[in-house]
file run-v1.txt (compact mmCIF, C-alpha atoms and all ligand atoms)
# COMPACT_ATOMS: atom_id res chain seq x y z
CA MET A 1 -54.02 34.72 -97.90
CA HIS A 2 -56.11 37.28 -99.80
CA ILE A 3 -59.68 38.13 -98.83
CA GLY A 4 -62.42 40.48 -99.97
CA LEU A 5 -64.08 43.00 -97.64
CA VAL A 6 -67.38 44.63 -98.58
CA GLY A 7 -68.20 47.82 -96.67
CA LEU A 8 -65.48 50.29 -95.71
CA GLY A 9 -67.32 52.49 -93.23
CA LYS A 10 -66.14 53.23 -89.68
CA MET A 11 -65.80 49.53 -88.86
CA GLY A 12 -64.86 48.02 -92.23
CA ALA A 13 -62.09 50.51 -93.08
CA ASN A 14 -60.37 49.94 -89.74
CA MET A 15 -60.76 46.18 -90.09
CA ARG A 16 -59.15 46.32 -93.52
CA SER A 17 -56.17 48.12 -91.98
CA ARG A 18 -55.86 45.65 -89.10
CA ILE A 19 -56.08 42.59 -91.37
CA ARG A 20 -53.51 44.08 -93.75
CA ALA A 21 -51.19 44.87 -90.83
CA ALA A 22 -51.26 41.15 -90.02
CA GLY A 23 -49.92 40.36 -93.51
CA ILE A 24 -53.18 39.26 -95.14
CA GLU A 25 -53.99 40.87 -98.49
CA VAL A 26 -57.38 42.62 -98.53
CA THR A 27 -59.33 43.93 -101.49
CA GLY A 28 -62.07 46.22 -100.24
CA PHE A 29 -65.22 47.40 -101.98
CA ASP A 30 -67.40 50.30 -100.92
CA ARG A 31 -69.85 52.45 -102.82
CA ASN A 32 -67.81 55.45 -101.67
CA PRO A 33 -65.17 55.97 -104.41
CA ASP A 34 -62.84 57.70 -101.94
CA VAL A 35 -62.24 54.54 -99.91
CA THR A 36 -62.83 51.63 -102.27
CA ASP A 37 -60.05 49.50 -103.82
CA VAL A 38 -62.19 48.30 -106.74
CA PRO A 39 -65.14 49.84 -108.59
CA SER A 40 -67.68 47.06 -108.06
CA LEU A 41 -68.57 43.86 -106.21
CA GLU A 42 -67.87 41.96 -109.43
CA ALA A 43 -64.39 43.47 -109.56
CA LEU A 44 -63.80 42.49 -105.95
CA VAL A 45 -64.70 38.87 -106.64
CA GLU A 46 -62.51 38.88 -109.78
CA ALA A 47 -59.57 40.28 -107.80
CA LEU A 48 -59.58 37.34 -105.39
CA PRO A 49 -57.37 34.35 -106.21
CA ALA A 50 -59.18 31.34 -107.64
CA GLY A 51 -59.81 28.53 -105.18
CA GLN A 52 -61.54 29.14 -101.90
CA ARG A 53 -62.49 32.81 -102.06
CA ILE A 54 -63.34 34.48 -98.75
CA VAL A 55 -65.54 37.59 -98.65
CA TRP A 56 -66.21 39.44 -95.40
CA VAL A 57 -69.39 41.57 -95.49
CA MET A 58 -69.38 44.60 -93.16
CA VAL A 59 -72.41 46.68 -94.17
CA PRO A 60 -75.50 47.88 -92.27
CA SER A 61 -77.80 45.07 -91.16
CA GLY A 62 -81.14 44.36 -92.80
CA GLU A 63 -81.86 45.23 -96.42
CA ILE A 64 -78.30 46.28 -97.33
CA THR A 65 -76.71 43.11 -95.95
CA ASP A 66 -79.44 41.06 -97.58
CA ALA A 67 -78.78 42.68 -100.97
CA VAL A 68 -75.01 42.12 -100.73
CA VAL A 69 -75.46 38.46 -99.75
CA HIS A 70 -77.84 37.96 -102.69
CA ASP A 71 -75.36 39.63 -105.06
CA LEU A 72 -72.52 37.47 -103.74
CA ALA A 73 -74.64 34.35 -104.19
CA GLY A 74 -74.70 35.17 -107.90
CA LEU A 75 -70.97 35.83 -108.14
CA LEU A 76 -69.28 33.21 -105.94
CA THR A 77 -68.97 29.51 -106.64
CA ALA A 78 -68.76 26.24 -104.74
CA GLY A 79 -66.17 26.23 -101.95
CA ASP A 80 -66.13 30.01 -101.42
CA ILE A 81 -67.03 31.49 -98.03
CA VAL A 82 -69.08 34.55 -97.02
CA ILE A 83 -68.81 36.00 -93.51
CA ASP A 84 -71.47 38.45 -92.34
CA GLY A 85 -69.69 40.59 -89.74
CA GLY A 86 -72.39 43.26 -89.43
CA ASN A 87 -74.89 43.60 -86.60
CA SER A 88 -77.40 41.39 -88.41
CA TYR A 89 -80.48 39.91 -86.77
CA TYR A 90 -79.56 36.29 -86.00
CA GLN A 91 -82.73 34.99 -87.66
CA ASP A 92 -81.50 36.41 -90.98
CA ASP A 93 -78.47 34.12 -90.86
CA GLN A 94 -79.95 30.73 -91.70
CA PRO A 95 -81.81 32.06 -94.79
CA HIS A 96 -78.51 33.58 -95.96
CA ALA A 97 -76.66 30.32 -95.26
CA ASP A 98 -79.33 28.39 -97.19
CA LEU A 99 -79.23 30.79 -100.15
CA LEU A 100 -75.43 30.50 -100.43
CA ALA A 101 -75.45 26.74 -99.80
CA ALA A 102 -77.59 26.32 -102.94
CA THR A 103 -74.43 27.01 -104.97
CA GLY A 104 -72.04 25.37 -102.48
CA VAL A 105 -70.90 28.62 -100.88
CA GLY A 106 -70.27 28.48 -97.12
CA PHE A 107 -71.54 31.03 -94.61
CA LEU A 108 -70.37 32.22 -91.20
CA ASP A 109 -71.96 34.88 -89.01
CA ALA A 110 -69.63 36.98 -86.91
CA GLY A 111 -70.54 39.36 -84.11
CA VAL A 112 -67.81 42.00 -84.01
CA SER A 113 -67.33 44.25 -80.99
CA GLY A 114 -64.77 46.98 -80.50
CA GLY A 115 -66.13 50.02 -82.29
CA VAL A 116 -63.72 52.61 -83.62
CA TRP A 117 -61.11 51.43 -81.09
CA GLY A 118 -60.87 47.99 -82.65
CA LEU A 119 -58.12 49.00 -85.08
CA GLU A 120 -55.80 49.60 -82.13
CA ASN A 121 -57.19 47.20 -79.51
CA GLY A 122 -58.53 44.38 -81.66
CA TYR A 123 -62.11 43.21 -82.00
CA GLY A 124 -64.00 40.78 -79.80
CA LEU A 125 -65.39 38.11 -82.13
CA MET A 126 -68.37 35.77 -81.73
CA VAL A 127 -68.71 33.37 -84.65
CA GLY A 128 -71.45 30.99 -85.75
CA GLY A 129 -71.25 28.27 -88.37
CA ASP A 130 -69.49 25.14 -89.50
CA GLU A 131 -66.28 24.17 -87.67
CA ALA A 132 -64.33 23.53 -90.89
CA LEU A 133 -65.22 26.96 -92.28
CA VAL A 134 -64.23 28.59 -89.00
CA ALA A 135 -60.85 26.82 -89.21
CA THR A 136 -60.32 28.09 -92.78
CA VAL A 137 -61.07 31.69 -91.80
CA MET A 138 -59.11 31.50 -88.51
CA PRO A 139 -56.09 33.53 -89.79
CA VAL A 140 -58.49 36.42 -90.43
CA PHE A 141 -60.14 36.03 -87.01
CA ASP A 142 -56.67 35.92 -85.44
CA ALA A 143 -55.72 39.13 -87.26
CA LEU A 144 -58.81 40.92 -85.99
CA ARG A 145 -59.05 39.70 -82.40
CA PRO A 146 -57.15 41.34 -79.55
CA GLU A 147 -53.67 40.07 -78.70
CA GLY A 148 -53.55 37.43 -75.97
CA PRO A 149 -55.20 34.05 -75.56
CA ARG A 150 -57.63 33.32 -78.39
CA ALA A 151 -60.30 32.18 -75.91
CA GLU A 152 -60.38 35.68 -74.38
CA GLY A 153 -61.27 37.55 -77.55
CA PHE A 154 -62.80 34.94 -79.84
CA VAL A 155 -65.48 32.30 -79.56
CA HIS A 156 -66.92 29.83 -82.03
CA ALA A 157 -70.27 30.18 -80.30
CA GLY A 158 -72.22 27.48 -82.14
CA LYS A 159 -74.03 26.81 -85.39
CA VAL A 160 -75.17 29.43 -87.92
CA GLY A 161 -76.83 32.33 -86.07
CA ALA A 162 -74.99 31.76 -82.78
CA GLY A 163 -72.46 34.51 -83.47
CA HIS A 164 -75.07 37.17 -84.09
CA PHE A 165 -77.21 35.90 -81.20
CA ALA A 166 -74.20 36.28 -78.89
CA LYS A 167 -73.56 39.79 -80.26
CA MET A 168 -77.21 40.71 -79.72
CA VAL A 169 -77.01 39.70 -76.06
CA HIS A 170 -73.66 41.51 -75.77
CA ASN A 171 -75.30 44.69 -77.05
CA GLY A 172 -78.24 44.25 -74.67
CA ILE A 173 -75.73 44.12 -71.81
CA GLU A 174 -74.04 47.19 -73.30
CA TYR A 175 -77.37 49.09 -73.10
CA GLY A 176 -77.82 48.18 -69.43
CA LEU A 177 -74.24 49.02 -68.43
CA MET A 178 -74.34 52.39 -70.17
CA GLN A 179 -77.67 53.23 -68.55
CA ALA A 180 -76.37 52.34 -65.07
CA TYR A 181 -73.26 54.52 -65.47
CA ALA A 182 -75.40 57.33 -66.88
CA GLU A 183 -77.89 57.22 -64.00
CA GLY A 184 -75.08 57.14 -61.44
CA TYR A 185 -73.49 60.16 -63.13
CA GLU A 186 -76.77 62.09 -63.01
CA LEU A 187 -77.32 61.22 -59.37
CA LEU A 188 -73.80 62.33 -58.39
CA ALA A 189 -74.32 65.62 -60.20
CA ALA A 190 -77.80 66.21 -58.78
CA LYS A 191 -76.59 66.58 -55.19
CA ASP A 192 -74.21 69.41 -54.35
CA LEU A 193 -72.46 67.23 -51.77
CA VAL A 194 -69.96 65.70 -54.18
CA THR A 195 -68.10 68.73 -55.48
CA ASP A 196 -65.94 66.86 -58.00
CA VAL A 197 -68.25 64.66 -60.05
CA HIS A 198 -65.81 64.16 -62.91
CA GLY A 199 -63.02 63.36 -60.45
CA THR A 200 -65.22 60.80 -58.72
CA VAL A 201 -66.03 58.99 -61.96
CA ARG A 202 -62.35 59.21 -62.96
CA ALA A 203 -61.29 57.71 -59.61
CA TRP A 204 -63.64 54.77 -60.13
CA GLN A 205 -61.44 53.65 -63.02
CA ARG A 206 -58.90 51.95 -60.76
CA GLY A 207 -59.50 49.40 -58.06
CA THR A 208 -63.28 49.71 -57.84
CA VAL A 209 -65.85 47.05 -58.50
CA VAL A 210 -67.40 49.16 -61.27
CA ARG A 211 -64.20 49.86 -63.28
CA SER A 212 -64.59 49.04 -66.97
CA TRP A 213 -63.86 50.25 -70.49
CA LEU A 214 -67.28 51.90 -70.72
CA LEU A 215 -66.49 53.81 -67.52
CA GLU A 216 -63.18 54.93 -69.05
CA LEU A 217 -65.10 56.16 -72.09
CA LEU A 218 -67.46 58.14 -69.82
CA VAL A 219 -64.43 59.78 -68.20
CA LYS A 220 -63.07 60.58 -71.66
CA ALA A 221 -66.41 62.06 -72.76
CA LEU A 222 -66.52 64.24 -69.63
CA GLU A 223 -62.95 65.40 -70.28
CA GLN A 224 -63.89 66.42 -73.82
CA ASP A 225 -67.16 68.07 -72.84
CA PRO A 226 -67.46 68.80 -69.10
CA GLY A 227 -71.12 68.66 -68.12
CA LEU A 228 -71.91 67.20 -71.57
CA GLY A 229 -73.30 70.60 -72.52
CA GLU A 230 -72.47 70.20 -76.19
CA ILE A 231 -74.65 67.20 -76.96
CA ASP A 232 -78.40 66.73 -76.93
CA ASP A 233 -80.08 64.19 -74.65
CA TRP A 234 -81.29 62.14 -77.65
CA VAL A 235 -80.24 58.50 -77.90
CA GLU A 236 -80.81 56.39 -81.01
CA ASP A 237 -80.89 52.61 -81.18
CA SER A 238 -80.11 50.40 -84.12
CA GLY A 239 -82.14 47.32 -83.27
CA GLU A 240 -80.06 45.03 -81.10
CA GLY A 241 -81.70 46.13 -77.84
CA ARG A 242 -85.18 45.58 -79.29
CA TRP A 243 -84.20 42.12 -80.54
CA THR A 244 -82.76 41.27 -77.11
CA VAL A 245 -86.01 42.24 -75.39
CA ASP A 246 -88.12 40.42 -78.03
CA GLU A 247 -86.05 37.30 -77.50
CA ALA A 248 -86.33 37.56 -73.71
CA ILE A 249 -90.13 37.77 -74.05
CA ASP A 250 -90.15 34.69 -76.32
CA LEU A 251 -88.05 32.75 -73.82
CA ALA A 252 -89.77 34.22 -70.71
CA VAL A 253 -86.39 35.39 -69.44
CA PRO A 254 -86.72 38.44 -67.18
CA VAL A 255 -84.52 41.28 -68.45
CA PRO A 256 -85.72 44.29 -66.43
CA VAL A 257 -82.45 46.22 -66.69
CA ILE A 258 -82.01 45.79 -70.44
CA SER A 259 -85.66 46.57 -71.21
CA ALA A 260 -85.63 49.66 -68.97
CA SER A 261 -82.47 50.90 -70.69
CA LEU A 262 -84.10 50.42 -74.10
CA PHE A 263 -87.21 52.32 -73.00
CA ALA A 264 -85.03 55.09 -71.55
CA ARG A 265 -83.73 55.66 -75.10
CA PHE A 266 -87.28 55.92 -76.44
CA ALA A 267 -88.10 58.44 -73.69
CA SER A 268 -85.00 60.46 -74.65
CA ARG A 269 -86.54 61.16 -78.06
CA GLN A 270 -89.83 62.57 -76.79
CA GLU A 271 -90.32 66.31 -76.78
CA GLU A 272 -93.22 65.66 -74.44
CA SER A 273 -94.67 62.54 -72.86
CA PRO A 274 -98.34 61.70 -73.56
CA ALA A 275 -98.13 59.05 -70.83
CA MET A 276 -96.97 61.51 -68.16
CA LYS A 277 -99.63 64.00 -69.29
CA ALA A 278 -102.17 61.21 -68.71
CA VAL A 279 -100.76 60.50 -65.23
CA ALA A 280 -100.95 64.18 -64.34
CA ALA A 281 -104.54 64.35 -65.67
CA LEU A 282 -105.57 61.28 -63.68
CA ARG A 283 -104.09 62.64 -60.42
CA GLN A 284 -106.07 65.81 -61.04
CA GLN A 285 -109.25 63.82 -61.76
CA PHE A 286 -109.19 61.60 -58.69
CA GLY A 287 -107.48 63.84 -56.17
CA GLY A 288 -107.84 67.36 -57.46
CA HIS A 289 -104.06 67.57 -57.56
CA ALA A 290 -102.52 70.53 -59.36
CA VAL A 291 -101.24 70.15 -62.91
CA LYS A 292 -98.63 72.32 -64.56
CA PRO A 293 -100.04 74.16 -67.61
CA ALA A 294 -98.49 73.23 -70.95
CA PRO A 295 -95.95 75.80 -72.16
CA PRO A 296 -97.26 78.11 -74.92
CA ALA A 297 -96.93 76.59 -78.41
O1 LIG B 301 -72.43 46.96 -81.90
C1 LIG B 301 -72.05 48.02 -81.46
C2 LIG B 301 -71.21 48.10 -80.26
O2 LIG B 301 -71.06 46.87 -79.67
C3 LIG B 301 -72.48 49.24 -82.17
O3 LIG B 301 -71.82 50.38 -81.74
C4 LIG B 301 -73.96 49.38 -82.16
O4 LIG B 301 -74.36 50.09 -83.28
C5 LIG B 301 -74.52 50.06 -80.95
O5 LIG B 301 -75.88 49.76 -80.88
P1 LIG B 301 -77.00 50.88 -80.76
O6 LIG B 301 -76.86 51.78 -81.99
O7 LIG B 301 -78.30 50.16 -80.76
O8 LIG B 301 -76.71 51.64 -79.50

call {"tool": "encode", "arguments": {"input": "run-v1.txt", "output": "structure tokens"}}
result
Amino acid sequence: MHIGLVGLGKMGANMRSRIRAAGIEVTGFDRNPDVTDVPSLEALVEALPAGQRIVWVMVPSGEITDAVVHDLAGLLTAGDIVIDGGNSYYQDDQPHADLLAATGVGFLDAGVSGGVWGLENGYGLMVGGDEALVATVMPVFDALRPEGPRAEGFVHAGKVGAGHFAKMVHNGIEYGLMQAYAEGYELLAAKDLVTDVHGTVRAWQRGTVVRSWLLELLVKALEQDPGLGEIDDWVEDSGEGRWTVDEAIDLAVPVPVISASLFARFASRQEESPAMKAVAALRQQFGGHAVKPAPPA
């Protein structure tokens, strides 16, 4: 088997290595000349053996993915398959499937979880699309997923869009879990009763109800930077949490933990809070309560 892989960033480069290690030939294309195997998308398509060409797209979601899918629609022919493995919005999937279907090219969407550790540990995969296409690509999914039973690291979640929908919910859960660990860490550290905060979090790794990989990563982060003094309290988001909350609103599903964890990230980026200024001003207005003067500009 020989596949194409577009996008050789943190995720794509490691995935190329893992797929190759499983004995599948991979031709990768990236705009970065230091990592690419071929100089262009055209060259990538030409390098693939004739027949059913398989191209895995692993580029940032949104406009970049959209552009690559459009380019591939002009280069591939009937019977070929495109897999979007990026963190794309699930509602982008059906338009991409329709565009490719116009020339007989198949489409699968794949949610891929595992981050930079996936090379070593394997990637959790959530796939949407036609059963026959999933079966064709299965050797690649098997190469990427963690060792062990397929059902514990791979799911064919449903029709087109289901893979990215599942990944969106997965990332929403990720937001909530991280926020809960983070708040617990702050609370432990705020009281001088627990004298070994790092040791407490480290001890939670075995036997406790809250043990998890994310907890292990928090322990690792605290080992590397005790007190987390080297990093700013600024947290970005790349869309999946917002989409999760939007979807929950559409479906009237209460997601208080996930939405609060998303809003906590927004708050992390504020130098000052207009809302809390307004609360302070209102307390002063109705109760004559003291306000703290703004620091000098
Ligand atoms: O998909 C992932 C992990 O599962 C990515 O790391 C994702 O980018 C994290 O999302 P965000 O940037 O919104 O925190």

call {"tool": "residues_around", "arguments": {"input": "run-v1.txt", "residues": "region 34-48 of chain A", "least_positions_apart": "3", "cutoff": "9 Å", "atoms": "only C-alpha atoms", "output": "short mmCIF file (atom, residue, chain, number, x, y, z; two decimals) with C-alpha atoms, in the coordinates of the input"}}
result
data_model
loop_
_atom_site.label_atom_id
_atom_site.label_comp_id
_atom_site.auth_asym_id
_atom_site.auth_seq_id
_atom_site.Cartn_x
_atom_site.Cartn_y
_atom_site.Cartn_z
CA HIS A 2 -56.11 37.28 -99.80
CA ILE A 3 -59.68 38.13 -98.83
CA GLY A 4 -62.42 40.48 -99.97
CA LEU A 5 -64.08 43.00 -97.64
CA VAL A 6 -67.38 44.63 -98.58
CA GLY A 7 -68.20 47.82 -96.67
CA LEU A 8 -65.48 50.29 -95.71
CA GLY A 9 -67.32 52.49 -93.23
CA ALA A 13 -62.09 50.51 -93.08
CA VAL A 26 -57.38 42.62 -98.53
CA THR A 27 -59.33 43.93 -101.49
CA GLY A 28 -62.07 46.22 -100.24
CA PHE A 29 -65.22 47.40 -101.98
CA ASP A 30 -67.40 50.30 -100.92
CA ARG A 31 -69.85 52.45 -102.82
CA GLY A 51 -59.81 28.53 -105.18
CA ARG A 53 -62.49 32.81 -102.06
CA ILE A 54 -63.34 34.48 -98.75
CA VAL A 55 -65.54 37.59 -98.65
CA VAL A 68 -75.01 42.12 -100.73
CA ASP A 71 -75.36 39.63 -105.06
CA LEU A 72 -72.52 37.47 -103.74
CA LEU A 75 -70.97 35.83 -108.14
CA LEU A 76 -69.28 33.21 -105.94
#

call {"tool": "closest_residue", "arguments": {"input": "run-v1.txt", "among": "A:Ser113, A:Asn121, A:Ser273, A:Asn14", "to": "ligand LIG 301 (chain B)", "atoms": "all atoms listed in the file"}}
result
A:Ser113

call {"tool": "closest_residue", "arguments": {"input": "run-v1.txt", "among": "A:Ile83, A:Met11, A:Ala189, A:Leu99", "to": "ligand LIG 301 (chain B)", "atoms": "only C-alpha atoms and all ligand atoms"}}
result
A:Met11

call {"tool": "closest_residue", "arguments": {"input": "run-v1.txt", "among": "A:Thr244, A:Thr200, A:Thr65, A:Thr77", "to": "Val105 (chain A)", "atoms": "only C-alpha atoms"}}
result
A:Thr77

call {"tool": "closest_atom_pairs", "arguments": {"input": "run-v1.txt", "of": "chain A", "to": "ligand LIG 301 (chain B)", "cutoff": "6 Å", "atoms": "all atoms listed in the file", "output": "Markdown table"}}
result
| residue | atom | partner | partner_atom | distance |
| --- | --- | --- | --- | --- |
| A:Ser113 | CA | B:LIG301 | O2 | 4.7 |
| A:Gly115 | CA | B:LIG301 | O3 | 5.7 |
| A:Asn171 | CA | B:LIG301 | O2 | 5.4 |
| A:Asp237 | CA | B:LIG301 | O7 | 3.6 |
| A:Ser238 | CA | B:LIG301 | O7 | 3.8 |
| A:Gly239 | CA | B:LIG301 | O7 | 5.4 |
| A:Glu240 | CA | B:LIG301 | O7 | 5.4 |

call {"tool": "atom_distance", "arguments": {"input": "run-v1.txt", "atom1": "CA of Val210 (chain A)", "atom2": "CA of Gly172 (chain A)"}}
result
17.9 Å

call {"tool": "atom_distance", "arguments": {"input": "run-v1.txt", "atom1": "CA of Val219 (chain A)", "atom2": "CA of Arg242 (chain A)"}}
result
27.5 Å

call {"tool": "residues_around", "arguments": {"input": "run-v1.txt", "residues": "Gln91 (chain A)", "least_positions_apart": "4", "cutoff": "10 Å", "atoms": "only C-alpha atoms", "output": "PyMOL selection string"}}
result
chain A and resi 95-96+160-162+164-165

call {"tool": "atom_distance", "arguments": {"input": "run-v1.txt", "atom1": "CA of Lys277 (chain A)", "atom2": "CA of Pro295 (chain A)"}}
result
12.7 Å

call {"tool": "residues_around", "arguments": {"input": "run-v1.txt", "residues": "Ala78 (chain A)", "least_positions_apart": "6", "cutoff": "10 Å", "atoms": "all atoms listed in the file", "output": "PDB file with C-alpha atoms, in the frame of the given file"}}
result
ATOM      1  CA  GLY A  51     -59.810  28.530-105.180  1.00  0.00           C
ATOM      2  CA  GLN A  52     -61.540  29.140-101.900  1.00  0.00           C
ATOM      3  CA  ARG A  53     -62.490  32.810-102.060  1.00  0.00           C
ATOM      4  CA  LEU A 100     -75.430  30.500-100.430  1.00  0.00           C
ATOM      5  CA  ALA A 101     -75.450  26.740 -99.800  1.00  0.00           C
ATOM      6  CA  ALA A 102     -77.590  26.320-102.940  1.00  0.00           C
ATOM      7  CA  THR A 103     -74.430  27.010-104.970  1.00  0.00           C
ATOM      8  CA  GLY A 104     -72.040  25.370-102.480  1.00  0.00           C
ATOM      9  CA  VAL A 105     -70.900  28.620-100.880  1.00  0.00           C
ATOM     10  CA  GLY A 106     -70.270  28.480 -97.120  1.00  0.00           C
TER      11      GLY A 106
END

call {"tool": "residues_near_point", "arguments": {"input": "run-v1.txt", "point": "(-64.1, 25.2, -94.7)", "cutoff": "10 Å", "atoms": "only C-alpha atoms", "output": "list in words"}}
result
Gln52, Gly79, Asp80, Ile81, Val105, Gly106, Phe107, Asp130, Glu131, Ala132, Leu133, Val134, Ala135, Thr136 and Val137 of chain A

call {"tool": "axis_aligned_box", "arguments": {"input": "run-v1.txt", "around": "region 137-148 of chain A", "padding_each_side": "8 Å", "output": "JSON"}}
result
{"center_x": -57.3, "center_y": 36.4, "center_z": -83.9, "size_x": 23.5, "size_y": 25.8, "size_z": 31.8}

call {"tool": "closest_atom_pairs", "arguments": {"input": "run-v1.txt", "of": "region 84-170 of chain A", "to": "region 16-21 of chain A", "cutoff": "7 Å", "atoms": "only C-alpha atoms", "output": "Markdown table"}}
result
| residue | atom | partner | partner_atom | distance |
| --- | --- | --- | --- | --- |
| A:Leu119 | CA | A:Arg18 | CA | 5.7 |
| A:Val140 | CA | A:Ile19 | CA | 6.7 |
| A:Ala143 | CA | A:Ile19 | CA | 5.4 |
| A:Leu144 | CA | A:Ile19 | CA | 6.3 |

call {"tool": "residues_around", "arguments": {"input": "run-v1.txt", "residues": "Leu217 (chain A)", "least_positions_apart": "2", "cutoff": "12 Å", "atoms": "only C-alpha atoms", "output": "MDAnalysis selection string"}}
result
chainID A and resid 115 117 178 181:182 201:202 205 211:215 219:224

call {"tool": "closest_residue", "arguments": {"input": "run-v1.txt", "among": "A:Val69, A:Ala157, A:Ala264, A:Val245", "to": "Glu183 (chain A)", "atoms": "all atoms listed in the file"}}
result
A:Ala264

call {"tool": "residues_around", "arguments": {"input": "run-v1.txt", "residues": "Asp246 (chain A)", "least_positions_apart": "5", "cutoff": "12 Å", "atoms": "all atoms listed in the file", "output": "list of chain:residue names"}}
result
A:Tyr89, A:Met168, A:Val169, A:Gly172, A:Gly239, A:Glu240, A:Gly241, A:Leu251, A:Ala252, A:Val253, A:Pro254, A:Val255, A:Ile258, A:Ser259, A:Leu262

call {"tool": "closest_residue", "arguments": {"input": "run-v1.txt", "among": "A:Pro60, A:Gly227, A:Gly128, A:Gly122", "to": "Pro146 (chain A)", "atoms": "all atoms listed in the file"}}
result
A:Gly122

call {"tool": "closest_residue", "arguments": {"input": "run-v1.txt", "among": "A:Trp234, A:Thr208, A:Asp92, A:Ala97", "to": "Ala73 (chain A)", "atoms": "only C-alpha atoms"}}
result
A:Ala97

call {"tool": "build_atoms", "arguments": {"input": "run-v1.txt", "residues": "region 170-186 of chain A", "atoms": "N, CA and C atoms", "output": "short mmCIF file (atom, residue, chain, number, x, y, z; two decimals), in the coordinates of the input"}}
result
data_model
loop_
_atom_site.label_atom_id
_atom_site.label_comp_id
_atom_site.auth_asym_id
_atom_site.auth_seq_id
_atom_site.Cartn_x
_atom_site.Cartn_y
_atom_site.Cartn_z
N HIS A 170 -74.75 40.59 -76.14
CA HIS A 170 -73.66 41.51 -75.77
C HIS A 170 -74.14 42.96 -75.84
N ASN A 171 -74.84 43.30 -76.90
CA ASN A 171 -75.30 44.69 -77.05
C ASN A 171 -76.41 45.02 -76.05
N GLY A 172 -77.24 44.02 -75.72
CA GLY A 172 -78.24 44.25 -74.67
C GLY A 172 -77.55 44.58 -73.34
N ILE A 173 -76.50 43.83 -73.03
CA ILE A 173 -75.73 44.12 -71.81
C ILE A 173 -75.14 45.52 -71.88
N GLU A 174 -74.64 45.85 -73.07
CA GLU A 174 -74.04 47.19 -73.30
C GLU A 174 -75.08 48.29 -72.97
N TYR A 175 -76.32 48.10 -73.40
CA TYR A 175 -77.37 49.09 -73.10
C TYR A 175 -77.51 49.26 -71.58
N GLY A 176 -77.59 48.13 -70.88
CA GLY A 176 -77.82 48.18 -69.43
C GLY A 176 -76.65 48.81 -68.69
N LEU A 177 -75.43 48.45 -69.08
CA LEU A 177 -74.24 49.02 -68.43
C LEU A 177 -74.19 50.53 -68.65
N MET A 178 -74.41 50.95 -69.89
CA MET A 178 -74.34 52.39 -70.17
C MET A 178 -75.39 53.14 -69.36
N GLN A 179 -76.59 52.57 -69.27
CA GLN A 179 -77.67 53.23 -68.55
C GLN A 179 -77.33 53.36 -67.06
N ALA A 180 -76.73 52.30 -66.49
CA ALA A 180 -76.37 52.34 -65.07
C ALA A 180 -75.32 53.41 -64.80
N TYR A 181 -74.28 53.47 -65.64
CA TYR A 181 -73.26 54.52 -65.47
C TYR A 181 -73.90 55.91 -65.61
N ALA A 182 -74.78 56.03 -66.61
CA ALA A 182 -75.40 57.33 -66.88
C ALA A 182 -76.26 57.78 -65.70
N GLU A 183 -77.03 56.85 -65.13
CA GLU A 183 -77.89 57.22 -64.00
C GLU A 183 -77.05 57.58 -62.78
N GLY A 184 -75.98 56.83 -62.56
CA GLY A 184 -75.08 57.14 -61.44
C GLY A 184 -74.47 58.52 -61.61
N TYR A 185 -74.08 58.84 -62.83
CA TYR A 185 -73.49 60.16 -63.13
C TYR A 185 -74.51 61.26 -62.82
N GLU A 186 -75.75 61.06 -63.25
CA GLU A 186 -76.77 62.09 -63.01
C GLU A 186 -77.02 62.28 -61.52
#
